[in-house]
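Here the structure comes first, spelled out in structure tokens, and everything after it is commentary.
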Amino acid sequence: MDGTGLVDMRTVAGPERPASFEGLYQAQYGRMLRLAYVLTDDHAVAEELVQDAFVGVYRKWADVGEPVAYLRRAVVNACRSHHRRRFLERRHPPQPERPVPPYEPDSLWPELRRLSPRRRTALLLRFYEDLSVAEVAQALGCGQQTAKSLIHRGLAQLREEVTR
């Protein structure tokens with residue numbers, strides 16, 4: 001208090017330009033956390049928003065003339081954005097995920113299992129996934145001629161397995 005009986009708010013709030021970012025953090029973290037908690041009514045959300053605001057101040061430390069005011073504005077804006085996002089989420093709830101039908105093996109599966117893993121993979125990519133030979137080669141990490149050979153030999157072996 002000065003001689004007039006009025007409280008000098010600068011001394012209550014502390015200096016507007018702390019000497020270091022660490023000083024700002026130590027002096028303002030609790031105040032900003034209380035502000036964010038009052039605005040969000042969620043302690044975990046408040047902590048996250050305040051931490052993000054401090055990160056923003058840290059990144060712009062050299063350019064910010066009044067870090068306390070900048071930090072306060074960042075916290076308030078983050079809380080407003082949080083409420084806006086929650087409002088939109090309630091207004092547009094996510095669509096439920098469609099259940100994936102259970103996998104039903106093809107009638108050729110027992111024969112396919114007898115093939116070598118590379119041949120089986122080449123056939124599955126070519127005929128089940130409907131990939132081109134070039135795409136099969138890329139997926140297998142081999143040349144196109146190798147992919148053609150794997151597909152050709154896999155089909156030949158599959159014919160033998162089916163006719164048994």
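In the structure tokens, chains take letters A, B, ... by order of appearance, with residues numbered from 1 within each chain and ligands from 1 in the order shown.
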
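The residue set within 10 Å of Ser116 (chain A), counting only C-alpha atoms and dropping same-chain residues fewer than 5 places from it, reads Thr121, Ala122, Leu150, Gly154 and Gln157 of chain A.
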
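Near region 53-55 of chain A, within 9 Å and counting only C-alpha atoms, sit Tyr25, Tyr29, Leu71, Arg72, Arg73, Ala74, Val75 and Ala78 of chain A, not including residues fewer than 6 positions from it in the same chain.
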
For the residues in the current selection, export N, CA and C atoms as a PDB file, in the first residue's frame.
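Below is the file that was written, out-v3.pdb:
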```
ATOM      1  N   TYR A  25       7.872 -18.763 -14.645  1.00  0.00           N
ATOM      2  CA  TYR A  25       7.216 -20.035 -14.350  1.00  0.00           C
ATOM      3  C   TYR A  25       6.962 -20.192 -12.854  1.00  0.00           C
ATOM      4  N   TYR A  29       2.974 -19.965 -12.288  1.00  0.00           N
ATOM      5  CA  TYR A  29       2.356 -21.267 -12.548  1.00  0.00           C
ATOM      6  C   TYR A  29       1.101 -21.487 -11.703  1.00  0.00           C
ATOM      7  N   LEU A  71       1.081 -14.486 -21.199  1.00  0.00           N
ATOM      8  CA  LEU A  71       0.765 -15.797 -20.631  1.00  0.00           C
ATOM      9  C   LEU A  71      -0.704 -15.861 -20.214  1.00  0.00           C
ATOM     10  N   ARG A  72      -1.174 -14.846 -19.541  1.00  0.00           N
ATOM     11  CA  ARG A  72      -2.569 -14.813 -19.091  1.00  0.00           C
ATOM     12  C   ARG A  72      -3.513 -14.919 -20.293  1.00  0.00           C
ATOM     13  N   ARG A  73      -3.230 -14.139 -21.335  1.00  0.00           N
ATOM     14  CA  ARG A  73      -4.061 -14.165 -22.542  1.00  0.00           C
ATOM     15  C   ARG A  73      -4.015 -15.553 -23.183  1.00  0.00           C
ATOM     16  N   ALA A  74      -2.839 -16.169 -23.207  1.00  0.00           N
ATOM     17  CA  ALA A  74      -2.695 -17.508 -23.788  1.00  0.00           C
ATOM     18  C   ALA A  74      -3.528 -18.530 -23.011  1.00  0.00           C
ATOM     19  N   VAL A  75      -3.529 -18.429 -21.688  1.00  0.00           N
ATOM     20  CA  VAL A  75      -4.318 -19.355 -20.870  1.00  0.00           C
ATOM     21  C   VAL A  75      -5.806 -19.146 -21.115  1.00  0.00           C
ATOM     22  N   ALA A  78      -6.710 -20.462 -24.533  1.00  0.00           N
ATOM     23  CA  ALA A  78      -6.686 -21.921 -24.547  1.00  0.00           C
ATOM     24  C   ALA A  78      -7.947 -22.488 -23.895  1.00  0.00           C
TER      25      ALA A  78
END
```

What are the closest atom pairs, with distances in Å to one decimal, for all residues of region 51-119 of chain A lying within 12 Å of region 125-144 of chain A? Consider only C-alpha atoms, order rows by chain and residue number, and present the result as CSV.
```
residue,atom,partner,partner_atom,distance
A:Pro105,CA,A:Tyr128,CA,11.6
A:Asp106,CA,A:Tyr128,CA,10.1
A:Leu108,CA,A:Tyr128,CA,11.7
A:Trp109,CA,A:Tyr128,CA,11.8
A:Leu112,CA,A:Tyr128,CA,12.0
A:Pro117,CA,A:Leu140,CA,11.2
A:Arg118,CA,A:Leu140,CA,8.2
A:Arg119,CA,A:Leu125,CA,9.9
```

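Computed from the coordinates, the CA of Gly23 (chain A) to CA of Leu35 (chain A) distance equals 18.8 Å.
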
**Report entry** For Ser20 (chain A), the nearest of the candidates A:Trp61, A:Arg34, A:Lys148, A:Pro110, counting only C-alpha atoms
**Finding:** A:Trp61

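The spacing separating CA of Val50 (chain A) from CA of Arg90 (chain A) amounts to 23.7 Å.
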
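You can rank A:Glu22, A:Arg159, A:Tyr37, A:Thr146 by their closest distance to Cys79 (chain A) using only C-alpha atoms, and at the top of that list sits A:Tyr37.
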
Query raised in the report: CA of Val162 (chain A) and CA of Ser149 (chain A), how far apart in Å?
Result: 19.8 Å

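The smallest atom-to-atom distance between Val57 (chain A) and any of A:Leu24, A:Ala19, A:Val76, A:Ile151, using only C-alpha atoms, is found for A:Leu24.
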
Requested in this report: Identify, with DSSP run on backbone atoms, the residues in region 4-118 of chain A assigned to helix (DSSP H, G or I), and express the list as a PyMOL selection string.
Outcome: chain A and resi 9-13+21-40+43-59+67-91+109-113+117-118
